[in-house]
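Chemist: Just one file: target-v3.cif, with mmCIF, C-alpha atoms.
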data_input
loop_
_atom_site.label_atom_id
_atom_site.label_comp_id
_atom_site.auth_asym_id
_atom_site.auth_seq_id
_atom_site.Cartn_x
_atom_site.Cartn_y
_atom_site.Cartn_z
CA MET A 881 -73.42 -19.68 74.60
CA SER A 882 -70.99 -21.33 72.20
CA ALA A 883 -72.11 -22.92 68.96
CA PHE A 884 -70.92 -26.30 70.25
CA SER A 885 -72.99 -26.02 73.44
CA PHE A 886 -76.05 -24.92 71.48
CA GLY A 887 -75.66 -27.82 69.05
CA ARG A 888 -75.23 -30.31 71.87
CA ARG A 889 -78.34 -28.97 73.62
CA ARG A 890 -80.28 -29.20 70.34
CA LEU A 891 -79.19 -32.81 69.90
CA SER A 892 -80.17 -33.60 73.47
CA ASP A 893 -83.70 -32.38 72.69
CA ILE A 894 -84.10 -35.07 70.05
CA SER A 895 -81.86 -37.67 71.66
CA LEU A 896 -82.70 -41.29 71.10
CA THR A 897 -82.47 -41.90 74.85
CA HIS A 898 -85.98 -40.47 75.14
CA PRO A 899 -88.78 -43.03 74.97
CA PHE A 900 -90.22 -43.81 71.57
CA THR A 901 -93.72 -42.53 72.30
CA PRO A 902 -96.12 -40.80 69.90
CA PHE A 903 -95.90 -37.54 71.81
CA GLN A 904 -92.10 -37.65 71.74
CA ALA A 905 -92.34 -38.18 67.98
CA LEU A 906 -94.33 -34.95 67.69
CA LYS A 907 -91.75 -33.11 69.80
CA ARG A 908 -88.86 -34.41 67.71
CA TYR A 909 -90.67 -33.54 64.50
CA ALA A 910 -91.38 -29.99 65.67
CA ILE A 911 -87.80 -29.42 66.84
CA LEU A 912 -86.32 -30.80 63.62
CA THR A 913 -88.54 -29.03 61.10
CA GLU A 914 -88.69 -25.68 62.89
CA SER A 915 -84.89 -25.65 62.98
CA LEU A 916 -84.84 -26.05 59.17
CA TYR A 917 -87.26 -23.23 58.28
CA PRO A 918 -90.40 -21.66 59.85
CA GLN A 919 -93.47 -23.89 59.69
CA ILE A 920 -97.03 -22.68 59.24
CA VAL A 921 -97.85 -24.07 62.72
CA THR A 922 -95.40 -23.49 65.58
CA PHE A 923 -95.43 -25.56 68.79
CA ASP A 924 -94.73 -23.86 72.11
CA ARG A 925 -91.70 -25.48 73.76
CA LYS A 926 -93.24 -25.48 77.27
CA THR A 927 -96.86 -26.47 76.73
CA TRP A 928 -96.47 -27.93 73.21
CA GLU A 929 -99.65 -26.17 72.16
CA PRO A 930 -99.73 -25.12 68.49
CA ARG A 931 -100.23 -21.59 67.26
CA PRO A 932 -100.33 -20.12 63.73
CA THR A 933 -97.04 -18.63 62.62
CA SER A 934 -96.94 -15.02 61.51
CA LYS A 935 -97.27 -14.70 57.74
CA SER A 936 -94.20 -12.47 57.63
CA LYS A 937 -92.05 -15.45 58.65
CA LEU A 938 -93.48 -17.89 56.13
CA PHE A 939 -91.74 -16.76 52.94
CA PRO A 940 -89.50 -19.90 52.86
CA TRP A 941 -92.55 -22.12 53.41
CA TYR A 942 -94.55 -20.58 50.57
CA PHE A 943 -91.50 -20.48 48.31
CA LEU A 944 -90.97 -24.22 48.79
CA LEU A 945 -94.68 -24.78 48.21
CA PHE A 946 -94.40 -22.89 44.90
CA LEU A 947 -91.30 -24.92 44.00
CA GLY A 948 -93.12 -28.18 44.70
CA ILE A 949 -96.10 -27.13 42.56
CA MET A 950 -93.73 -26.26 39.71
CA MET A 951 -92.12 -29.70 40.03
CA LEU A 952 -95.55 -31.34 39.99
CA MET A 953 -96.62 -29.44 36.87
CA ASP A 954 -93.32 -30.29 35.16
CA TYR A 955 -93.72 -33.99 35.95
CA TYR A 956 -97.29 -33.99 34.67
CA TYR A 957 -96.23 -32.15 31.51
CA ILE A 958 -93.44 -34.63 30.76
CA SER A 959 -95.72 -37.62 31.42
CA LEU A 960 -98.61 -36.33 29.27
CA ARG A 961 -96.25 -35.30 26.47
CA GLU A 962 -94.82 -38.80 26.32
CA VAL A 963 -98.24 -40.44 26.40
CA LEU A 964 -99.71 -38.23 23.67
CA SER A 965 -96.71 -37.83 21.35
CA VAL A 966 -96.10 -40.22 18.49
CA GLN A 967 -92.32 -39.95 18.64
CA LYS A 968 -91.08 -40.89 22.11
CA ASP A 969 -88.17 -39.22 23.86
CA PRO A 970 -85.19 -41.63 23.76
CA ASP A 971 -83.83 -40.28 27.07
CA ILE A 972 -86.95 -41.34 28.98
CA ASP A 973 -86.71 -45.02 29.87
CA VAL A 974 -88.80 -47.23 32.15
CA THR A 975 -86.90 -46.17 35.27
CA MET A 976 -87.50 -42.48 34.59
CA TYR A 977 -91.18 -43.21 33.92
CA LEU A 978 -91.47 -44.84 37.33
CA ILE A 979 -89.63 -41.98 39.05
CA LEU A 980 -91.92 -39.51 37.28
CA LEU A 981 -95.02 -41.27 38.60
CA ILE A 982 -93.65 -41.78 42.12
CA GLY A 983 -92.49 -38.16 42.27
CA SER A 984 -95.87 -36.95 41.04
CA THR A 985 -97.62 -38.80 43.87
CA SER A 986 -95.26 -37.23 46.41
CA TYR A 987 -95.72 -33.67 45.15
CA MET A 988 -99.48 -34.12 44.73
CA LEU A 989 -99.87 -35.36 48.30
CA SER A 990 -97.64 -32.55 49.55
CA ALA A 991 -99.78 -29.98 47.73
CA SER A 992 -102.94 -31.33 49.39
CA VAL A 993 -101.28 -31.08 52.82
CA CYS A 994 -100.14 -27.51 52.11
CA LEU A 995 -103.67 -26.60 51.03
CA THR A 996 -105.02 -28.03 54.28
CA TYR A 997 -102.46 -26.10 56.32
CA HIS A 998 -103.24 -22.87 54.47
CA VAL A 999 -107.04 -23.14 54.67
CA TYR A 1000 -107.49 -24.82 58.06
CA THR A 1001 -104.61 -23.49 60.16
CA GLU A 1002 -106.84 -22.19 62.95
CA GLU A 1003 -108.96 -25.35 62.91
CA LEU A 1004 -105.89 -27.55 63.29
CA CYS A 1005 -104.64 -25.52 66.24
CA PHE A 1006 -108.13 -25.63 67.80
CA VAL A 1007 -108.31 -29.42 67.56
CA ILE A 1008 -104.85 -30.02 69.01
CA ARG A 1009 -105.25 -27.48 71.83
CA ASN A 1010 -108.54 -29.01 72.97
CA LEU A 1011 -107.27 -32.56 72.73
CA TRP A 1012 -104.21 -31.74 74.82
CA ASN A 1013 -106.55 -31.32 77.81
CA MET A 1014 -108.00 -34.81 77.43
CA LYS A 1015 -105.01 -36.76 76.12
CA GLY A 1016 -104.62 -38.84 79.29
CA ASN A 1017 -101.49 -40.96 79.62
CA PHE A 1018 -101.36 -42.46 76.17
CA GLN A 1019 -97.97 -40.93 75.41
CA GLU A 1020 -96.07 -42.16 78.49
CA SER A 1021 -95.09 -45.64 77.29
CA SER A 1022 -93.22 -46.74 74.21
CA ASN A 1023 -95.17 -48.95 71.83
CA LEU A 1024 -95.25 -50.04 68.21
CA VAL A 1025 -97.08 -46.90 67.10
CA GLY A 1026 -94.56 -44.67 68.87
CA ILE A 1027 -91.62 -46.49 67.29
CA PHE A 1028 -93.26 -46.23 63.87
CA LEU A 1029 -93.93 -42.49 64.19
CA ASN A 1030 -90.39 -41.83 65.39
CA GLY A 1031 -89.10 -43.82 62.43
CA MET A 1032 -91.11 -41.66 60.03
CA ILE A 1033 -89.11 -38.61 61.14
CA SER A 1034 -85.93 -40.07 59.65
CA LEU A 1035 -87.58 -40.17 56.21
CA ILE A 1036 -87.88 -36.36 56.22
CA ILE A 1037 -84.09 -36.10 55.94
CA SER A 1038 -83.18 -39.42 54.30
CA THR A 1039 -85.51 -38.96 51.31
CA PRO A 1040 -83.88 -35.79 49.85
CA LEU A 1041 -80.39 -37.03 50.78
CA SER A 1042 -80.97 -40.33 48.99
CA ALA A 1043 -82.31 -38.47 45.96
CA GLY A 1044 -79.13 -36.39 45.85
CA VAL A 1045 -76.92 -39.48 46.09
CA ILE A 1046 -78.88 -41.17 43.29
CA THR A 1047 -78.52 -38.11 41.05
CA ILE A 1048 -74.75 -38.05 41.63
CA TYR A 1049 -74.47 -41.78 40.99
CA ASN A 1050 -76.45 -41.62 37.72
CA ASN A 1051 -77.20 -38.11 36.52
CA THR A 1052 -79.48 -39.30 33.71
CA LEU A 1053 -81.84 -41.23 35.97
CA ASP A 1054 -84.11 -38.58 37.42
CA PRO A 1055 -86.38 -36.23 35.40
CA SER A 1056 -84.28 -33.15 36.24
CA TYR A 1057 -81.81 -34.39 33.63
CA LEU A 1058 -84.28 -33.27 30.94
CA TRP A 1059 -84.04 -29.64 32.08
CA PHE A 1060 -80.42 -29.00 31.12
CA ARG A 1061 -79.53 -31.73 28.63
CA ASN A 1062 -79.41 -29.24 25.73
CA VAL A 1063 -77.83 -26.39 27.71
CA THR A 1064 -74.17 -25.89 26.78
CA VAL A 1065 -73.39 -22.46 28.23
CA ILE A 1066 -72.73 -23.80 31.74
CA SER A 1067 -70.48 -26.62 32.86
CA ALA A 1068 -71.67 -30.13 33.66
CA ALA A 1069 -70.73 -29.72 37.33
CA THR A 1070 -72.78 -26.52 37.60
CA LYS A 1071 -75.78 -28.15 35.96
CA LEU A 1072 -75.53 -31.10 38.34
CA PHE A 1073 -75.31 -28.79 41.37
CA ILE A 1074 -78.39 -26.79 40.28
CA ARG A 1075 -80.35 -29.97 39.65
CA ILE A 1076 -79.47 -31.49 43.03
CA PHE A 1077 -80.21 -28.22 44.84
CA ILE A 1078 -83.69 -27.81 43.31
CA TYR A 1079 -84.54 -31.50 43.45
CA CYS A 1080 -83.46 -32.04 47.08
CA LEU A 1081 -84.98 -28.77 48.30
CA SER A 1082 -88.39 -29.60 46.83
CA LEU A 1083 -88.23 -33.18 48.16
CA LEU A 1084 -87.30 -31.90 51.63
CA HIS A 1085 -90.44 -29.78 51.79
CA SER A 1086 -92.56 -32.56 50.29
CA SER A 1087 -91.27 -35.10 52.82
CA ASN A 1088 -91.77 -32.61 55.64
CA MET A 1089 -95.39 -32.01 54.67
CA VAL A 1090 -96.37 -35.62 54.00
CA PHE A 1091 -94.67 -37.39 56.91
CA GLY A 1092 -95.16 -34.51 59.35
CA TYR A 1093 -98.88 -34.17 58.73
CA GLY A 1094 -99.17 -37.95 58.92
CA ILE A 1095 -97.64 -37.83 62.42
CA ILE A 1096 -100.01 -35.05 63.54
CA VAL A 1097 -103.09 -36.87 62.20
CA PHE A 1098 -101.99 -40.09 63.89
CA ILE A 1099 -101.54 -38.39 67.28
CA ILE A 1100 -104.96 -36.72 67.02
CA LEU A 1101 -106.48 -40.15 66.40
CA LEU A 1102 -104.65 -41.66 69.36
CA ILE A 1103 -105.88 -38.94 71.72
CA ILE A 1104 -109.48 -39.40 70.55
CA LEU A 1105 -109.22 -43.16 71.06
CA SER A 1106 -107.56 -42.66 74.45
CA SER A 1107 -110.37 -40.34 75.56
CA LEU A 1108 -112.98 -42.93 74.59
CA GLU A 1109 -111.03 -45.76 76.21
CA VAL A 1110 -110.86 -43.99 79.57
CA GLN A 1111 -114.64 -43.70 79.63
CA THR A 1112 -115.35 -47.33 78.72
CA ILE A 1113 -113.16 -49.04 81.31
CA SER A 1114 -115.87 -49.18 84.01
CA ARG A 1115 -118.95 -49.14 81.85
CA PHE A 1116 -120.46 -52.30 83.36
CA LYS A 1117 -120.12 -51.24 86.99
CA PRO A 1118 -123.43 -50.28 88.62
CA ILE A 1119 -123.78 -46.59 89.39
CA ASN A 1120 -126.17 -45.07 91.90
CA PRO A 1121 -128.90 -43.38 89.83
CA THR A 1122 -128.89 -40.42 92.21
CA ILE A 1123 -125.26 -39.64 91.41
CA THR A 1124 -125.27 -38.06 87.97
CA LEU A 1125 -121.92 -36.30 87.96
CA ASN A 1126 -120.03 -39.09 86.18
CA HIS A 1127 -122.75 -39.42 83.59
CA ILE A 1128 -122.87 -35.67 82.96
CA MET A 1129 -119.08 -35.47 82.60
CA SER A 1130 -119.09 -38.41 80.20
CA ILE A 1131 -121.77 -36.82 78.02
CA ARG A 1132 -119.92 -33.52 78.12
CA ARG A 1133 -116.70 -35.17 77.00
CA TYR A 1134 -118.47 -37.01 74.20
CA ARG A 1135 -120.05 -33.76 73.00
CA GLN A 1136 -116.58 -32.22 72.90
CA LEU A 1137 -115.34 -35.17 70.88
CA GLN A 1138 -118.24 -34.77 68.46
CA ILE A 1139 -117.22 -31.16 67.78
CA ILE A 1140 -113.57 -32.16 67.43
CA ASN A 1141 -114.52 -35.04 65.13
CA LEU A 1142 -116.49 -32.67 62.89
CA ILE A 1143 -113.56 -30.25 62.57
CA PHE A 1144 -111.07 -33.11 62.21
CA ASN A 1145 -112.99 -34.41 59.21
CA GLN A 1146 -112.59 -30.96 57.65
CA LEU A 1147 -108.83 -31.29 58.14
CA LEU A 1148 -108.96 -34.58 56.21
CA VAL A 1149 -111.27 -33.45 53.39
CA TYR A 1150 -108.36 -32.87 50.96
CA PHE A 1151 -105.72 -35.04 52.58
CA LEU A 1152 -107.34 -38.44 53.06
CA PRO A 1153 -108.86 -39.03 49.58
CA VAL A 1154 -105.63 -37.92 47.89
CA LEU A 1155 -103.61 -40.00 50.37
CA THR A 1156 -105.57 -43.16 49.57
CA LEU A 1157 -105.24 -42.71 45.80
CA MET A 1158 -101.56 -41.72 45.92
CA PHE A 1159 -100.76 -44.68 48.19
CA LEU A 1160 -102.31 -47.00 45.62
CA VAL A 1161 -100.37 -45.48 42.70
CA ALA A 1162 -97.08 -45.27 44.60
CA ILE A 1163 -97.20 -48.86 45.87
CA ALA A 1164 -97.97 -50.14 42.37
CA MET A 1165 -94.96 -48.30 40.91
CA MET A 1166 -92.57 -49.07 43.77
CA GLY A 1167 -93.65 -52.69 43.98
CA TYR A 1168 -92.94 -53.13 40.28
CA MET A 1169 -89.54 -51.46 40.71
CA LEU A 1170 -88.55 -53.70 43.63
CA ILE A 1171 -89.71 -56.92 41.96
CA LYS A 1172 -88.90 -56.40 38.29
CA MET A 1173 -85.98 -53.95 38.36
CA SER A 1174 -83.96 -55.15 41.33
CA GLY A 1175 -80.29 -54.99 40.38
CA ILE A 1176 -80.96 -52.62 37.47
CA VAL A 1177 -81.63 -49.43 39.43
CA PRO A 1178 -79.02 -48.07 41.90
CA HIS A 1179 -78.94 -49.66 45.34
CA ALA A 1180 -79.61 -46.29 46.97
CA LEU A 1181 -82.88 -46.06 45.02
CA GLU A 1182 -83.83 -49.59 46.06
CA VAL A 1183 -83.19 -48.76 49.73
CA LEU A 1184 -85.19 -45.52 49.51
CA VAL A 1185 -88.10 -47.22 47.74
CA SER A 1186 -88.08 -50.03 50.32
CA MET A 1187 -88.18 -47.55 53.22
CA VAL A 1188 -91.03 -45.53 51.71
CA THR A 1189 -92.95 -48.73 50.88
CA ALA A 1190 -92.60 -49.93 54.47
CA ALA A 1191 -93.78 -46.52 55.74
CA ILE A 1192 -96.85 -46.58 53.48
CA LEU A 1193 -97.83 -50.14 54.42
CA GLY A 1194 -97.27 -49.39 58.11
CA TYR A 1195 -99.37 -46.24 57.96
CA ILE A 1196 -102.22 -48.08 56.25
CA GLU A 1197 -102.14 -50.88 58.83
CA LEU A 1198 -101.76 -48.70 61.92
CA GLY A 1199 -103.21 -45.35 60.84
CA PHE A 1200 -106.20 -46.57 58.86
CA GLY A 1201 -106.84 -49.13 61.59
CA SER A 1202 -106.97 -46.33 64.18
CA MET A 1203 -109.39 -44.39 61.98
CA ALA A 1204 -111.68 -47.42 61.87
CA ASN A 1205 -111.41 -47.89 65.65
CA VAL A 1206 -112.89 -44.43 66.26
CA GLN A 1207 -116.34 -45.63 65.17
CA ARG A 1208 -116.09 -48.86 67.16
CA LYS A 1209 -114.84 -47.14 70.33
CA SER A 1210 -117.56 -44.50 70.17
CA ALA A 1211 -120.19 -47.23 69.84
CA ASP A 1212 -118.76 -48.98 72.93
CA PHE A 1213 -118.78 -45.65 74.76
CA LEU A 1214 -122.47 -45.05 74.06
CA VAL A 1215 -123.40 -48.64 74.92
CA GLY A 1216 -121.58 -48.28 78.25
CA LEU A 1217 -123.53 -45.13 79.10
CA GLU A 1218 -126.79 -46.76 78.06
CA LEU A 1219 -126.15 -49.76 80.33
CA GLN A 1220 -125.79 -47.41 83.30
CA GLY A 1221 -129.52 -46.73 83.04
CA GLY A 1222 -131.11 -43.51 84.19
CA SER A 1223 -134.07 -41.30 83.48
CA MET A 1224 -135.89 -40.80 80.19
CA TYR A 1225 -134.04 -37.53 79.76
CA ARG A 1226 -130.71 -39.39 79.87
CA LYS A 1227 -131.94 -41.82 77.25
CA ARG A 1228 -133.05 -39.00 74.97
CA VAL A 1229 -129.65 -37.33 75.35
CA LEU A 1230 -127.90 -40.59 74.48
CA ARG A 1231 -130.08 -41.08 71.40
CA SER A 1232 -129.01 -37.64 70.19
CA CYS A 1233 -125.33 -38.67 70.34
CA LYS A 1234 -124.15 -39.84 66.94
CA LEU A 1235 -121.27 -42.19 66.31
CA LEU A 1236 -117.87 -40.63 65.73
CA GLN A 1237 -116.65 -41.41 62.22
CA ILE A 1238 -113.62 -40.57 60.10
CA TRP A 1239 -114.60 -39.62 56.55
CA ALA A 1240 -112.40 -39.68 53.47
CA GLY A 1241 -113.79 -36.41 52.14
CA SER A 1242 -117.34 -37.08 50.99
CA TYR A 1243 -116.49 -40.48 49.51
CA PHE A 1244 -116.57 -43.12 52.24
CA VAL A 1245 -116.25 -43.77 55.97
CA MET A 1246 -113.07 -45.38 57.23
CA LYS A 1247 -114.01 -48.90 58.38
CA ARG A 1248 -112.10 -52.02 59.37
CA SER A 1249 -112.52 -53.41 55.88
CA THR A 1250 -111.06 -50.29 54.22
CA ARG A 1251 -107.41 -51.16 54.74
CA PHE A 1252 -107.94 -54.78 53.67
CA GLN A 1253 -109.62 -53.62 50.48
CA LEU A 1254 -106.74 -51.22 49.87
CA PHE A 1255 -104.16 -53.96 50.46
CA GLY A 1256 -106.04 -56.15 48.00
CA GLN A 1257 -106.08 -53.42 45.35
CA MET A 1258 -102.37 -52.80 45.85
CA ALA A 1259 -101.51 -56.47 45.43
CA TYR A 1260 -103.70 -56.68 42.32
CA TYR A 1261 -102.10 -53.71 40.56
CA VAL A 1262 -98.55 -54.70 41.49
CA MET A 1263 -99.04 -58.21 40.14
CA SER A 1264 -100.77 -56.88 37.03
CA LEU A 1265 -97.80 -54.61 36.29
CA VAL A 1266 -95.26 -57.35 36.95
CA ILE A 1267 -97.05 -59.81 34.67
CA SER A 1268 -98.02 -57.47 31.83
CA VAL A 1269 -95.02 -55.11 31.58
#
Taking this structure as input, can you express it in the form of structure tokens?

Modeler:
Amino acid sequence: MSAFSFGRRRLSDISLTHPFTPFQALKRYAILTESLYPQIVTFDRKTWEPRPTSKSKLFPWYFLLFLGIMMLMDYYYISLREVLSVQKDPDIDVTMYLILLIGSTSYMLSASVCLTYHVYTEELCFVIRNLWNMKGNFQESSNLVGIFLNGMISLIISTPLSAGVITIYNNTLDPSYLWFRNVTVISAATKLFIRIFIYCLSLLHSSNMVFGYGIIVFIILLIILSSLEVQTISRFKPINPTITLNHIMSIRRYRQLQIINLIFNQLLVYFLPVLTLMFLVAIAMMGYMLIKMSGIVPHALEVLVSMVTAAILGYIELGFGSMANVQRKSADFLVGLELQGGSMYRKRVLRSCKLLQIWAGSYFVMKRSTRFQLFGQMAYYVMSLVISV
């Protein structure tokens, strides 16, 4: 097979002529990222079931993880040094401060995702494999969520590319300028190439982890909600008490969802608390940059910040809303089963069924009010920065 034919077939796999569904977003994400370098979870091309990748193939993945951690530590070191030192570095201006903070949030969130992948690889594969059998038809029609998830895939590539363009446009803007500013043994072009290579490579992995895991979490939520929705459609129709098969199958499915919900919360124990905090910090910094520094920073940086801001706000509205709907849908599910009546044994079984809930670690349960409170906090901190700085 020629290289041209292989490339055309690869492009056809992720062609935009496919419907913009959540499941198609997962397929496109898997095809794109696995063609870049081996991922810690590999999706089978026929069944799309995940399986852990052999450790011998994951050297690039762990190398990029190490590179991202080094970038995070460097950003924290520069920030703390500037805060604690009496004499400030003249090369660090307000724009670089903002990029330091925004970059720190990205690498911190990426590190939490990598930790989740490393610790809970088998659990993630278990959840997805079991949900595949009960996913229903949620993925067969394009909708707003599907369009949003497909749009998130473009940020995996556009984020590091935009960072490279910004560095070329103004090579003193990003924190990597501080690494080689006093180095004179290599040429300026070589220093710029090394900076762009390290910077873009680390951002590529960070974007892959953050946006990719966000897509996977979103699809898991949609399948859980779809499974509950299927069971609540006919909850008010009378059922012959002598026919218990439907009731038994419903209870069995709910028990499966309880186990999946328990493991799913383990997958979010590092990710969701860090995600909430990093979203708050990132929106405050990026909102200030868009409002107060428009026209000062390069246009490429403004476009990138606008795209990431839209992705964050969209994920809070759609993703956090879906997390809150899990509790409401499970309550409707149990009410529907209770209204069907039945023996005392059925009622005891129903009382033993607890509501499904999405926890942000051990801190709080995701509710409908969570995203509104987060939006309020974001608006407060953005306005405070704009007014006071």

Chemist: Where does the PyMOL selection byres ((chain A and resi 927) around 12) land in this file, that is, which residues does it pick, as a CSV table (one decimal) with C-alpha atoms, in the frame of the given file?

Modeler:
chain,number,residue,atom,x,y,z
A,907,LYS,CA,-91.8,-33.1,69.8
A,922,THR,CA,-95.4,-23.5,65.6
A,923,PHE,CA,-95.4,-25.6,68.8
A,924,ASP,CA,-94.7,-23.9,72.1
A,925,ARG,CA,-91.7,-25.5,73.8
A,926,LYS,CA,-93.2,-25.5,77.3
A,928,TRP,CA,-96.5,-27.9,73.2
A,929,GLU,CA,-99.6,-26.2,72.2
A,930,PRO,CA,-99.7,-25.1,68.5
A,931,ARG,CA,-100.2,-21.6,67.3
A,1008,ILE,CA,-104.8,-30.0,69.0
A,1009,ARG,CA,-105.2,-27.5,71.8
A,1012,TRP,CA,-104.2,-31.7,74.8
A,1013,ASN,CA,-106.6,-31.3,77.8

Chemist: Could you tell me which residues the PyMOL selection byres ((chain A and resi 1195) around 12) grabs in this file, written as an NGL selection string?

Modeler: :A and (1024-1025 or 1028-1029 or 1031-1032 or 1090-1091 or 1094-1095 or 1097-1098 or 1155-1156 or 1159 or 1188-1194 or 1196-1203 or 1251 or 1255)

Chemist: May I have the residues from that selection written out with C-alpha atoms, as a PDB file, in the frame of the given file?

Modeler:
ATOM      1  CA  LEU A1024     -95.250 -50.040  68.210  1.00  0.00           C
ATOM      2  CA  VAL A1025     -97.080 -46.900  67.100  1.00  0.00           C
ATOM      3  CA  PHE A1028     -93.260 -46.230  63.870  1.00  0.00           C
ATOM      4  CA  LEU A1029     -93.930 -42.490  64.190  1.00  0.00           C
ATOM      5  CA  GLY A1031     -89.100 -43.820  62.430  1.00  0.00           C
ATOM      6  CA  MET A1032     -91.110 -41.660  60.030  1.00  0.00           C
ATOM      7  CA  VAL A1090     -96.370 -35.620  54.000  1.00  0.00           C
ATOM      8  CA  PHE A1091     -94.670 -37.390  56.910  1.00  0.00           C
ATOM      9  CA  GLY A1094     -99.170 -37.950  58.920  1.00  0.00           C
ATOM     10  CA  ILE A1095     -97.640 -37.830  62.420  1.00  0.00           C
ATOM     11  CA  VAL A1097    -103.090 -36.870  62.200  1.00  0.00           C
ATOM     12  CA  PHE A1098    -101.990 -40.090  63.890  1.00  0.00           C
ATOM     13  CA  LEU A1155    -103.610 -40.000  50.370  1.00  0.00           C
ATOM     14  CA  THR A1156    -105.570 -43.160  49.570  1.00  0.00           C
ATOM     15  CA  PHE A1159    -100.760 -44.680  48.190  1.00  0.00           C
ATOM     16  CA  VAL A1188     -91.030 -45.530  51.710  1.00  0.00           C
ATOM     17  CA  THR A1189     -92.950 -48.730  50.880  1.00  0.00           C
ATOM     18  CA  ALA A1190     -92.600 -49.930  54.470  1.00  0.00           C
ATOM     19  CA  ALA A1191     -93.780 -46.520  55.740  1.00  0.00           C
ATOM     20  CA  ILE A1192     -96.850 -46.580  53.480  1.00  0.00           C
ATOM     21  CA  LEU A1193     -97.830 -50.140  54.420  1.00  0.00           C
ATOM     22  CA  GLY A1194     -97.270 -49.390  58.110  1.00  0.00           C
ATOM     23  CA  ILE A1196    -102.220 -48.080  56.250  1.00  0.00           C
ATOM     24  CA  GLU A1197    -102.140 -50.880  58.830  1.00  0.00           C
ATOM     25  CA  LEU A1198    -101.760 -48.700  61.920  1.00  0.00           C
ATOM     26  CA  GLY A1199    -103.210 -45.350  60.840  1.00  0.00           C
ATOM     27  CA  PHE A1200    -106.200 -46.570  58.860  1.00  0.00           C
ATOM     28  CA  GLY A1201    -106.840 -49.130  61.590  1.00  0.00           C
ATOM     29  CA  SER A1202    -106.970 -46.330  64.180  1.00  0.00           C
ATOM     30  CA  MET A1203    -109.390 -44.390  61.980  1.00  0.00           C
ATOM     31  CA  ARG A1251    -107.410 -51.160  54.740  1.00  0.00           C
ATOM     32  CA  PHE A1255    -104.160 -53.960  50.460  1.00  0.00           C
TER      33      PHE A1255
END

Chemist: Please write the residues picked by the PyMOL selection byres ((chain A and resi 909) around 9) on this file as a list in words.

Modeler: Ile894, Gln904, Ala905, Leu906, Lys907, Arg908, Ala910, Ile911, Leu912, Thr913, Glu914, Asn1030, Ile1033, Asn1088, Gly1092 and Ile1095 of chain A

Chemist: Taking C-alpha atoms for each residue, export the selection above as a PDB file, in the frame of the given file.

Modeler:
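Final output, part-v4.pdb:
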ATOM      1  CA  ILE A 894     -84.100 -35.070  70.050  1.00  0.00           C
ATOM      2  CA  GLN A 904     -92.100 -37.650  71.740  1.00  0.00           C
ATOM      3  CA  ALA A 905     -92.340 -38.180  67.980  1.00  0.00           C
ATOM      4  CA  LEU A 906     -94.330 -34.950  67.690  1.00  0.00           C
ATOM      5  CA  LYS A 907     -91.750 -33.110  69.800  1.00  0.00           C
ATOM      6  CA  ARG A 908     -88.860 -34.410  67.710  1.00  0.00           C
ATOM      7  CA  ALA A 910     -91.380 -29.990  65.670  1.00  0.00           C
ATOM      8  CA  ILE A 911     -87.800 -29.420  66.840  1.00  0.00           C
ATOM      9  CA  LEU A 912     -86.320 -30.800  63.620  1.00  0.00           C
ATOM     10  CA  THR A 913     -88.540 -29.030  61.100  1.00  0.00           C
ATOM     11  CA  GLU A 914     -88.690 -25.680  62.890  1.00  0.00           C
ATOM     12  CA  ASN A1030     -90.390 -41.830  65.390  1.00  0.00           C
ATOM     13  CA  ILE A1033     -89.110 -38.610  61.140  1.00  0.00           C
ATOM     14  CA  ASN A1088     -91.770 -32.610  55.640  1.00  0.00           C
ATOM     15  CA  GLY A1092     -95.160 -34.510  59.350  1.00  0.00           C
ATOM     16  CA  ILE A1095     -97.640 -37.830  62.420  1.00  0.00           C
TER      17      ILE A1095
END

Chemist: Which distance in Å separates CA of Phe900 in chain A and CA of Lys1209 in chain A, to one decimal?

Modeler: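 Atom-to-atom, CA of Phe900 in chain A and CA of Lys1209 in chain A are spaced 24.9 Å apart.
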
Chemist: Env of range 1134-1142 of chain A: 10 Å cut, atoms = all atoms listed in the file, seq-sep filter 2 positions within chain, self excluded. Answer as number ranges by chain.

Modeler: A: 1003-1004, 1006-1008, 1010-1011, 1014, 1100-1101, 1104, 1107-1108, 1111, 1128-1132, 1144-1147, 1206, 1210, 1213-1214, 1233-1239

Chemist: As a ChimeraX atom specification, please: the residues near Gly948 in chain A (cut-off 8 Å, all atoms listed in the file, same-chain neighbours under 2 positions excluded).

Modeler: /A:944-946,950-952,987,990-991,1082-1083,1085-1086

Chemist: Counting all atoms listed in the file, which residue out of A:Ser1038, A:Thr1070, A:Ser915, A:Asn1023 sits closest to Phe903 in chain A?

Modeler: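 Answer, going by the shortest atom-to-atom distance: A:Asn1023.
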
Chemist: May I have the residues within 9 Å of Leu1265 in chain A as a ChimeraX atom specification, using all atoms listed in the file and disregarding those fewer than 5 positions away in the same chain?

Modeler: /A:1164-1165,1167-1168,1260

Chemist: Val1183 in chain A: which residues within 12 Å, counting all atoms listed in the file, same-chain residues fewer than 5 positions away excluded, as an MDAnalysis selection string?

Modeler: chainID A and resid 1035 1038:1039 1042:1043 1045:1046 1166 1169:1170 1174:1175 1177:1178 1188:1190

Chemist: Report, in Å with one decimal, the straight-line distance from CA of Ile1267 in chain A to CA of Ile1171 in chain A.

Modeler: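 Atom-to-atom, CA of Ile1267 in chain A and CA of Ile1171 in chain A are spaced 10.7 Å apart.
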
Chemist: Restricting the calculation to all atoms listed in the file: of A:Arg1248, A:Tyr956, A:Arg1208, A:Ile1143, which residue gets closest to Glu1002 in chain A?

Modeler: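 Smallest distance to Glu1002 in chain A is found for A:Ile1143.
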